[in-house]
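Visitor: input.txt is reproduced below (compact mmCIF, C-alpha atoms and all ligand atoms).
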```txt
# COMPACT_ATOMS: atom_id res chain seq x y z
CA MET A 11 -15.33 16.77 22.55
CA GLY A 12 -17.91 13.93 22.15
CA ALA A 13 -17.55 10.28 23.15
CA VAL A 14 -15.10 8.10 21.22
CA THR A 15 -17.14 5.24 19.79
CA ALA A 16 -15.20 3.74 16.89
CA THR A 17 -13.30 0.46 17.12
CA ILE A 18 -9.70 1.14 16.15
CA LEU A 19 -8.37 -0.94 13.23
CA ASP A 20 -4.87 -1.38 14.62
CA GLY A 21 -2.41 -1.60 11.74
CA LYS A 22 0.67 -2.05 13.91
CA ALA A 23 -0.72 -5.03 15.85
CA THR A 24 -1.96 -6.57 12.59
CA ARG A 25 1.43 -5.99 10.95
CA ASP A 26 3.14 -7.76 13.86
CA GLU A 27 0.94 -10.83 13.29
CA ILE A 28 1.86 -10.83 9.58
CA PHE A 29 5.56 -10.51 10.41
CA ILE A 30 5.44 -13.62 12.64
CA ASP A 31 4.02 -15.60 9.70
CA LEU A 32 6.53 -14.10 7.23
CA LYS A 33 9.51 -14.82 9.49
CA ALA A 34 8.52 -18.51 9.70
CA ARG A 35 8.17 -18.67 5.90
CA VAL A 36 11.54 -16.95 5.35
CA ASP A 37 13.14 -19.45 7.77
CA ALA A 38 11.61 -22.31 5.76
CA LEU A 39 13.05 -20.82 2.55
CA GLU A 40 16.45 -20.42 4.24
CA ALA A 41 16.38 -24.13 5.06
CA LYS A 42 16.13 -24.73 1.29
CA GLY A 43 19.08 -22.38 0.64
CA ILE A 44 16.94 -19.46 -0.59
CA THR A 45 17.09 -15.96 0.92
CA PRO A 46 14.50 -13.54 -0.49
CA GLY A 47 15.90 -10.11 -1.40
CA LEU A 48 13.93 -6.82 -1.64
CA GLY A 49 15.37 -4.04 -3.77
CA THR A 50 14.40 -0.36 -3.57
CA VAL A 51 15.10 2.41 -6.07
CA LEU A 52 14.96 5.83 -4.43
CA VAL A 53 15.54 8.93 -6.56
CA GLY A 54 16.31 12.25 -4.88
CA ASP A 55 16.20 13.41 -1.29
CA ASP A 56 12.52 13.82 -0.44
CA PRO A 57 12.51 13.19 3.34
CA GLY A 58 9.15 11.35 3.26
CA SER A 59 10.23 8.93 0.54
CA ALA A 60 13.62 8.40 2.22
CA SER A 61 11.87 7.59 5.49
CA TYR A 62 9.50 5.08 3.81
CA VAL A 63 12.45 3.35 2.13
CA ARG A 64 14.38 3.18 5.43
CA GLY A 65 11.28 1.66 7.02
CA LYS A 66 11.03 -1.00 4.31
CA HIS A 67 14.62 -2.09 4.89
CA ALA A 68 14.17 -2.09 8.67
CA ASP A 69 11.18 -4.42 8.14
CA CYS A 70 13.33 -6.69 5.91
CA ALA A 71 15.84 -7.07 8.75
CA LYS A 72 13.02 -8.08 11.14
CA VAL A 73 11.87 -11.01 9.00
CA GLY A 74 15.23 -12.05 7.50
CA ILE A 75 14.85 -10.68 3.95
CA ASN A 76 18.02 -9.33 2.30
CA SER A 77 18.09 -5.63 1.35
CA LEU A 78 19.35 -4.15 -1.89
CA ARG A 79 19.30 -0.32 -1.89
CA ARG A 80 19.78 1.80 -4.96
CA ASP A 81 19.77 5.47 -3.89
CA LEU A 82 20.11 7.82 -6.86
CA PRO A 83 20.59 11.58 -7.20
CA ALA A 84 17.58 13.82 -7.98
CA ASP A 85 19.02 14.89 -11.36
CA ILE A 86 19.44 11.36 -12.75
CA THR A 87 18.28 10.93 -16.36
CA GLN A 88 15.53 8.53 -17.47
CA ALA A 89 18.18 6.39 -19.22
CA GLU A 90 20.29 6.19 -16.04
CA LEU A 91 17.24 5.25 -13.99
CA GLU A 92 16.29 2.56 -16.48
CA ALA A 93 19.84 1.16 -16.39
CA VAL A 94 19.43 0.63 -12.62
CA ILE A 95 16.05 -1.03 -13.22
CA ASP A 96 17.66 -3.32 -15.81
CA GLU A 97 20.40 -4.21 -13.32
CA LEU A 98 17.83 -5.24 -10.68
CA ASN A 99 15.84 -7.18 -13.29
CA ALA A 100 18.99 -9.23 -13.97
CA ASN A 101 20.25 -9.47 -10.37
CA PRO A 102 19.63 -13.00 -9.01
CA GLU A 103 19.87 -11.76 -5.40
CA CYS A 104 16.84 -9.53 -5.98
CA THR A 105 13.59 -11.48 -5.66
CA GLY A 106 11.45 -8.36 -6.03
CA TYR A 107 11.85 -4.59 -5.93
CA ILE A 108 10.08 -1.26 -6.02
CA VAL A 109 10.67 2.16 -7.50
CA GLN A 110 9.71 4.57 -4.71
CA LEU A 111 7.01 7.01 -5.86
CA PRO A 112 6.67 9.82 -6.61
CA LEU A 113 9.67 10.27 -8.89
CA PRO A 114 11.03 13.78 -9.59
CA LYS A 115 8.87 15.56 -12.21
CA HIS A 116 11.39 15.27 -15.09
CA LEU A 117 11.22 11.45 -14.97
CA ASP A 118 8.54 9.30 -16.62
CA GLU A 119 6.99 7.28 -13.80
CA ASN A 120 4.90 5.01 -16.03
CA ALA A 121 7.88 4.18 -18.26
CA ALA A 122 9.90 3.30 -15.15
CA LEU A 123 7.14 1.04 -13.77
CA GLU A 124 6.73 -0.66 -17.17
CA ARG A 125 10.46 -1.38 -17.31
CA ILE A 126 10.32 -3.52 -14.16
CA ASP A 127 10.26 -7.27 -14.82
CA PRO A 128 6.61 -8.10 -13.91
CA ASP A 129 7.86 -11.17 -12.00
CA LYS A 130 9.97 -8.86 -9.80
CA ASP A 131 7.29 -6.19 -9.38
CA ALA A 132 6.97 -6.28 -5.58
CA ASP A 133 4.48 -3.37 -5.59
CA GLY A 134 1.99 -4.98 -7.99
CA LEU A 135 1.94 -1.75 -10.01
CA HIS A 136 3.32 -3.08 -13.31
CA PRO A 137 0.71 -2.97 -16.12
CA VAL A 138 0.96 -6.75 -16.48
CA ASN A 139 0.04 -7.30 -12.82
CA LEU A 140 -2.69 -4.66 -12.85
CA GLY A 141 -4.02 -6.18 -16.10
CA ARG A 142 -3.99 -9.67 -14.57
CA LEU A 143 -5.96 -8.30 -11.63
CA VAL A 144 -8.54 -6.83 -14.03
CA LEU A 145 -8.80 -10.22 -15.76
CA GLY A 146 -9.14 -12.11 -12.47
CA LYS A 147 -5.87 -13.98 -13.07
CA GLU A 148 -3.17 -14.71 -10.50
CA ALA A 149 -1.09 -11.54 -10.02
CA THR A 150 1.14 -9.72 -7.59
CA LEU A 151 -1.36 -7.46 -5.82
CA PRO A 152 -0.77 -3.80 -4.89
CA CYS A 153 0.31 -3.50 -1.24
CA THR A 154 -1.92 -0.74 0.16
CA PRO A 155 -5.16 -2.19 -1.27
CA ARG A 156 -4.11 -5.60 0.13
CA GLY A 157 -3.58 -3.90 3.48
CA VAL A 158 -7.05 -2.33 3.41
CA VAL A 159 -8.78 -5.63 2.63
CA HIS A 160 -6.73 -7.49 5.26
CA LEU A 161 -7.49 -4.90 7.95
CA LEU A 162 -11.24 -5.04 7.23
CA ARG A 163 -11.21 -8.84 7.40
CA ARG A 164 -9.04 -8.92 10.53
CA TYR A 165 -11.67 -6.86 12.37
CA ASP A 166 -14.67 -8.66 10.83
CA VAL A 167 -15.96 -5.59 9.03
CA PRO A 168 -18.58 -6.90 6.56
CA ILE A 169 -17.36 -6.44 2.97
CA ASP A 170 -19.77 -8.66 1.01
CA GLY A 171 -22.50 -6.38 -0.35
CA ALA A 172 -21.04 -3.28 1.35
CA ARG A 173 -21.13 0.10 -0.37
CA VAL A 174 -17.56 1.42 -0.48
CA THR A 175 -16.63 5.00 -1.33
CA VAL A 176 -12.98 5.50 -2.27
CA VAL A 177 -11.73 9.10 -2.28
CA GLY A 178 -8.63 9.61 -4.46
CA ARG A 179 -7.55 8.14 -7.80
CA GLY A 180 -3.81 7.61 -7.33
CA VAL A 181 -2.06 4.56 -8.77
CA THR A 182 -0.98 3.04 -5.44
CA ILE A 183 -4.45 2.88 -3.86
CA GLY A 184 -7.42 4.79 -5.37
CA ARG A 185 -7.39 3.17 -8.79
CA PRO A 186 -6.53 -0.43 -7.86
CA ILE A 187 -8.54 -0.82 -4.65
CA GLY A 188 -11.86 -1.05 -6.50
CA LEU A 189 -10.42 -3.96 -8.49
CA LEU A 190 -9.78 -5.90 -5.27
CA LEU A 191 -13.00 -5.01 -3.50
CA THR A 192 -15.22 -5.89 -6.47
CA ARG A 193 -13.74 -9.38 -6.92
CA ARG A 194 -16.26 -12.16 -6.23
CA SER A 195 -14.34 -13.00 -3.07
CA GLU A 196 -14.96 -9.49 -1.67
CA ASN A 197 -18.19 -8.64 -3.52
CA ALA A 198 -18.41 -4.97 -2.52
CA THR A 199 -19.94 -2.16 -4.61
CA VAL A 200 -17.36 0.58 -5.10
CA THR A 201 -17.67 4.26 -6.02
CA LEU A 202 -14.45 6.09 -6.90
CA CYS A 203 -14.46 9.81 -6.04
CA HIS A 204 -11.93 12.46 -7.02
CA THR A 205 -11.56 16.22 -7.42
CA GLY A 206 -14.21 16.17 -10.19
CA THR A 207 -16.85 14.58 -7.93
CA LYS A 208 -19.80 16.96 -7.66
CA ASP A 209 -21.09 16.15 -4.17
CA LEU A 210 -18.37 14.35 -2.24
CA ALA A 211 -20.24 14.55 1.07
CA ALA A 212 -23.25 12.72 -0.41
CA GLU A 213 -21.04 9.98 -1.88
CA VAL A 214 -19.24 9.48 1.44
CA ARG A 215 -22.47 9.60 3.47
CA ARG A 216 -23.99 6.61 1.67
CA ALA A 217 -20.92 4.41 2.26
CA ASP A 218 -20.61 1.50 4.69
CA ILE A 219 -16.85 1.67 4.15
CA VAL A 220 -14.90 4.84 3.30
CA VAL A 221 -11.33 4.65 2.01
CA ALA A 222 -9.86 8.15 2.19
CA ALA A 223 -6.77 8.38 0.00
CA ALA A 224 -6.86 11.93 -1.39
CA GLY A 225 -3.90 13.42 0.47
CA VAL A 226 -6.00 16.38 1.66
CA ALA A 227 -5.67 16.91 5.41
CA GLY A 228 -8.98 16.61 7.31
CA LEU A 229 -11.06 16.24 4.11
CA ILE A 230 -13.50 13.73 5.62
CA THR A 231 -15.43 15.24 8.52
CA ALA A 232 -17.95 13.70 10.95
CA ASP A 233 -21.00 15.21 9.21
CA MET A 234 -20.03 13.33 6.00
CA VAL A 235 -19.95 9.88 7.62
CA LYS A 236 -22.82 7.43 8.07
CA PRO A 237 -23.05 6.41 11.74
CA GLY A 238 -21.34 3.03 12.24
CA ALA A 239 -19.40 3.13 8.94
CA ALA A 240 -15.80 1.89 8.69
CA VAL A 241 -13.45 4.74 7.79
CA LEU A 242 -9.92 3.96 6.62
CA ASP A 243 -7.58 6.94 6.60
CA VAL A 244 -4.89 6.32 4.00
CA GLY A 245 -4.01 9.85 2.83
CA VAL A 246 -0.92 11.62 4.13
CA SER A 247 -0.20 15.36 4.10
CA ARG A 248 2.85 17.06 5.53
CA THR A 249 1.52 20.18 7.29
CA PRO A 250 3.25 22.74 9.55
CA ASP A 251 1.71 20.75 12.45
CA GLY A 252 3.27 17.49 11.22
CA LEU A 253 1.79 14.54 9.32
CA ARG A 254 -1.99 14.66 8.93
CA GLY A 255 -4.40 12.10 7.51
CA ASP A 256 -7.46 12.75 5.31
CA VAL A 257 -9.87 12.08 8.18
CA ALA A 258 -10.77 14.69 10.80
CA ASP A 259 -10.47 13.71 14.47
CA ASN A 260 -14.21 14.03 15.12
CA VAL A 261 -15.02 11.18 12.69
CA ARG A 262 -14.26 8.63 15.38
CA GLU A 263 -17.28 9.92 17.32
CA VAL A 264 -19.55 8.77 14.45
CA ALA A 265 -17.76 5.88 12.74
CA GLY A 266 -18.09 2.25 13.84
CA TYR A 267 -14.49 1.46 12.89
CA ILE A 268 -11.58 3.71 12.11
CA SER A 269 -8.06 3.06 10.92
CA PRO A 270 -5.88 5.79 12.41
CA ASN A 271 -3.14 7.61 10.53
CA PRO A 272 -0.40 6.93 11.47
CA GLY A 273 -0.81 3.39 12.78
CA GLY A 274 -3.52 2.08 10.42
CA VAL A 275 -3.03 1.04 6.81
CA GLY A 276 0.57 2.36 6.47
CA PRO A 277 2.23 -0.46 8.42
CA LEU A 278 0.27 -2.96 6.32
CA THR A 279 1.50 -1.40 3.07
CA ARG A 280 4.99 -2.31 4.26
CA ALA A 281 3.96 -5.77 5.50
CA PHE A 282 2.35 -6.72 2.18
CA LEU A 283 5.39 -5.51 0.27
CA LEU A 284 7.42 -8.11 2.17
CA SER A 285 4.62 -10.64 1.72
CA ASN A 286 4.79 -10.16 -2.07
CA VAL A 287 8.56 -10.75 -1.98
CA VAL A 288 8.20 -13.90 0.13
CA GLU A 289 5.39 -15.24 -2.11
CA ARG A 290 7.60 -14.77 -5.16
CA ALA A 291 10.54 -16.53 -3.45
CA GLU A 292 8.21 -19.43 -2.56
CA GLN A 293 7.13 -19.68 -6.21
CA LEU A 294 10.77 -19.78 -7.29
CA ALA A 295 11.52 -22.47 -4.69
CA ALA A 296 8.56 -24.55 -5.95
CA GLU A 297 9.70 -24.15 -9.58
CA SER A 298 13.25 -25.28 -8.77
CA ALA A 299 12.15 -28.26 -6.60
N1 LIG B 301 6.54 2.41 -4.95
C1 LIG B 301 5.68 2.90 -4.05
N2 LIG B 301 5.68 4.18 -3.73
C2 LIG B 301 4.78 4.65 -2.82
C3 LIG B 301 3.88 3.77 -2.17
C4 LIG B 301 3.90 2.41 -2.55
O1 LIG B 301 3.09 1.57 -2.05
N3 LIG B 301 4.82 2.01 -3.48
N4 LIG B 301 3.04 4.24 -1.18
C5 LIG B 301 3.31 5.54 -0.58
C6 LIG B 301 4.40 5.57 0.46
N5 LIG B 301 4.57 4.33 1.23
C7 LIG B 301 5.25 3.31 0.68
O2 LIG B 301 6.07 3.44 -0.17
C8 LIG B 301 4.21 4.28 2.60
C9 LIG B 301 3.57 5.31 3.22
C10 LIG B 301 3.32 5.25 4.60
C11 LIG B 301 3.72 4.15 5.33
C12 LIG B 301 3.56 4.08 6.80
O3 LIG B 301 3.83 3.05 7.40
N6 LIG B 301 3.15 5.14 7.45
C13 LIG B 301 3.11 5.18 8.89
C14 LIG B 301 3.56 6.54 9.34
C15 LIG B 301 4.97 6.80 8.89
C16 LIG B 301 5.52 8.11 9.38
O4 LIG B 301 5.32 8.44 10.55
O5 LIG B 301 6.22 8.76 8.56
C17 LIG B 301 1.71 4.88 9.36
O6 LIG B 301 0.77 5.06 8.58
O7 LIG B 301 1.59 4.46 10.51
C18 LIG B 301 4.33 3.12 4.70
C19 LIG B 301 4.58 3.18 3.35
C20 LIG B 301 3.73 6.51 -1.68
N7 LIG B 301 4.79 5.95 -2.47
```
What is this file in structure tokens?
Ligand SMILES: Nc1nc2c(c(=O)[nH]1)N[C@@H](CN(C=O)c1ccc(C(=O)N[C@@H](CCC(=O)O)C(=O)O)cc1)CN2
Guide:
Amino acid sequence: MGAVTATILDGKATRDEIFIDLKARVDALEAKGITPGLGTVLVGDDPGSASYVRGKHADCAKVGINSLRRDLPADITQAELEAVIDELNANPECTGYIVQLPLPKHLDENAALERIDPDKDADGLHPVNLGRLVLGKEATLPCTPRGVVHLLRRYDVPIDGARVTVVGRGVTIGRPIGLLLTRRSENATVTLCHTGTKDLAAEVRRADIVVAAAGVAGLITADMVKPGAAVLDVGVSRTPDGLRGDVADNVREVAGYISPNPGGVGPLTRAFLLSNVVERAEQLAAESA
């Protein structure tokens, strides 16, 4: 095995810094009689999704946010799911909430996301929030893309003018991240790759920053990476050997920066979910002052 050269973008340490800030802000809200509340809607018994939802509520307890869990059976109908969404839309204890993705195949994911009150959309995945992001208006931003940008900034990775290759076109990261990174404040040039991309290795090789979010274990290998590039491993695959990211181990011998998986962007996805809930509670406090 070659020398390890890459600087590790440490998502857990960065998350801990964000939690200190969030706890102070939640305490300030408490002093005004407001306790933010995060709701989750989990359908079915997928162990990965159940574990992410448990993690979100454990995080809430750490910073003082109330938890509202709605755990529903796998065979729930669309109408029953939407009734739970309507209940959370109307529930004053719920400042913001998420529908854990993916939903079972018989349910309409987009219809569920659209049913969420955009003001309570803690994930930033409602069409109104994504549309506001496209238009450059104030919006609740998607959590994983926020985590990627924050991690790059935290470790002083140059973004302005950087060539970014994103691999994967999912709704939680691949599609929205280009919208964040091409804002004037970030000013990157972004290429979005997917299974239809003809020469993935060439697209990755020209990137200063690679965001790997395809969910294909070990897809990005050392020979595909420009020496010194920042490589963020966001994909997750459950393999017989356990959880694997999209980035092969040998990439850290070539990359300048690498976000590991686990321990990179994942903890920040959770931190920015709480951040979105706290920001919304602060807006409500300002409106009622
Ligand atoms: N409604 C949503 N659904 C999904 C999202 C999302 O942002 N909103 N993203 C993913 C799952 N996800 C959050 O829900 C998520 C995935 C991974 C992590 C994380 O912290 N991972 C750890 C490792 C965890 C482990 O060992 O199991 C890490 O990377 O260190 C947090 C959140 C799909 N669904």
Visitor: Report as a tab-separated table: every residue of chain A with an atom at most 9 Å from ligand LIG 301 (chain B), its closest pair of atoms, and their distance in Å to one decimal, counting all atoms listed in the file, with rows sorted by chain and ascending residue number.
Guide:
```
residue	atom	partner	partner_atom	distance
A:Gly21	CA	B:LIG301	O7	7.4
A:Lys22	CA	B:LIG301	O7	7.4
A:Thr50	CA	B:LIG301	N1	8.4
A:Val51	CA	B:LIG301	N1	8.6
A:Gly58	CA	B:LIG301	O5	6.6
A:Ser59	CA	B:LIG301	C6	6.7
A:Ser61	CA	B:LIG301	O5	6.5
A:Tyr62	CA	B:LIG301	C19	5.3
A:Val63	CA	B:LIG301	O2	6.8
A:Gly65	CA	B:LIG301	C18	7.5
A:Lys66	CA	B:LIG301	C19	7.7
A:Tyr107	CA	B:LIG301	N1	8.8
A:Ile108	CA	B:LIG301	N1	5.2
A:Val109	CA	B:LIG301	N1	4.9
A:Gln110	CA	B:LIG301	N1	3.8
A:Leu111	CA	B:LIG301	N2	3.8
A:Pro112	CA	B:LIG301	N7	6.0
A:Leu113	CA	B:LIG301	N2	8.9
A:Leu123	CA	B:LIG301	N1	8.9
A:Ala132	CA	B:LIG301	N1	8.7
A:Asp133	CA	B:LIG301	N3	5.8
A:Gly134	CA	B:LIG301	N3	8.8
A:Leu135	CA	B:LIG301	N1	8.0
A:Pro152	CA	B:LIG301	O1	7.2
A:Cys153	CA	B:LIG301	O1	5.8
A:Thr154	CA	B:LIG301	O1	5.9
A:Val181	CA	B:LIG301	C4	8.9
A:Thr182	CA	B:LIG301	O1	5.5
A:Ile183	CA	B:LIG301	O1	7.9
A:Asp243	CA	B:LIG301	O6	8.8
A:Val244	CA	B:LIG301	O6	7.4
A:Gly245	CA	B:LIG301	C10	8.8
A:Val246	CA	B:LIG301	C10	7.7
A:Leu253	CA	B:LIG301	O4	7.2
A:Gly255	CA	B:LIG301	O6	8.8
A:Pro270	CA	B:LIG301	O6	7.7
A:Asn271	CA	B:LIG301	O6	5.1
A:Pro272	CA	B:LIG301	O7	3.3
A:Gly273	CA	B:LIG301	O7	3.5
A:Gly274	CA	B:LIG301	O6	5.5
A:Val275	CA	B:LIG301	O6	5.8
A:Gly276	CA	B:LIG301	O6	3.4
A:Pro277	CA	B:LIG301	O3	4.0
A:Leu278	CA	B:LIG301	O3	7.1
A:Thr279	CA	B:LIG301	C19	5.5
A:Arg280	CA	B:LIG301	C18	5.5
A:Ala281	CA	B:LIG301	C18	8.9
A:Leu283	CA	B:LIG301	O1	7.8
```
Visitor: Tell me which of A:Cys104, A:Leu161, A:Leu140, A:Ala89 sits closest to Gly47 (chain A), counting all atoms listed in the file.
Guide: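 Checking each of A:Cys104, A:Leu161, A:Leu140, A:Ala89 against Gly47 (chain A), counting all atoms listed in the file, the winner is A:Cys104.
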Visitor: For Thr199 (chain A), which residue among A:Asp170, A:Asp56, A:Glu213, A:Asp96 is the nearest when counting only C-alpha atoms?
Guide: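 For Thr199 (chain A), the nearest of the given residues is A:Asp170.
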Visitor: At what distance in Å, to one decimal, does CA of Arg156 (chain A) lie from CA of Gly184 (chain A)?
Guide: 12.2 Å
Visitor: Tell me which of A:Phe282, A:Ala41, A:Pro186, A:Thr24 sits closest to Gly141 (chain A), counting all atoms listed in the file.
Guide: A:Pro186
Visitor: To one decimal place, how far is CA of Val226 (chain A) from CA of Ala60 (chain A) in Å?
Guide: 21.2 Å
Visitor: Kindly indicate which residue among A:Ile28, A:Thr205, A:Arg125, A:Lys72 lies nearest to Ala93 (chain A), using only C-alpha atoms for the distances.
Guide: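 Residue with the minimum atom-to-atom distance to Ala93 (chain A): A:Arg125.
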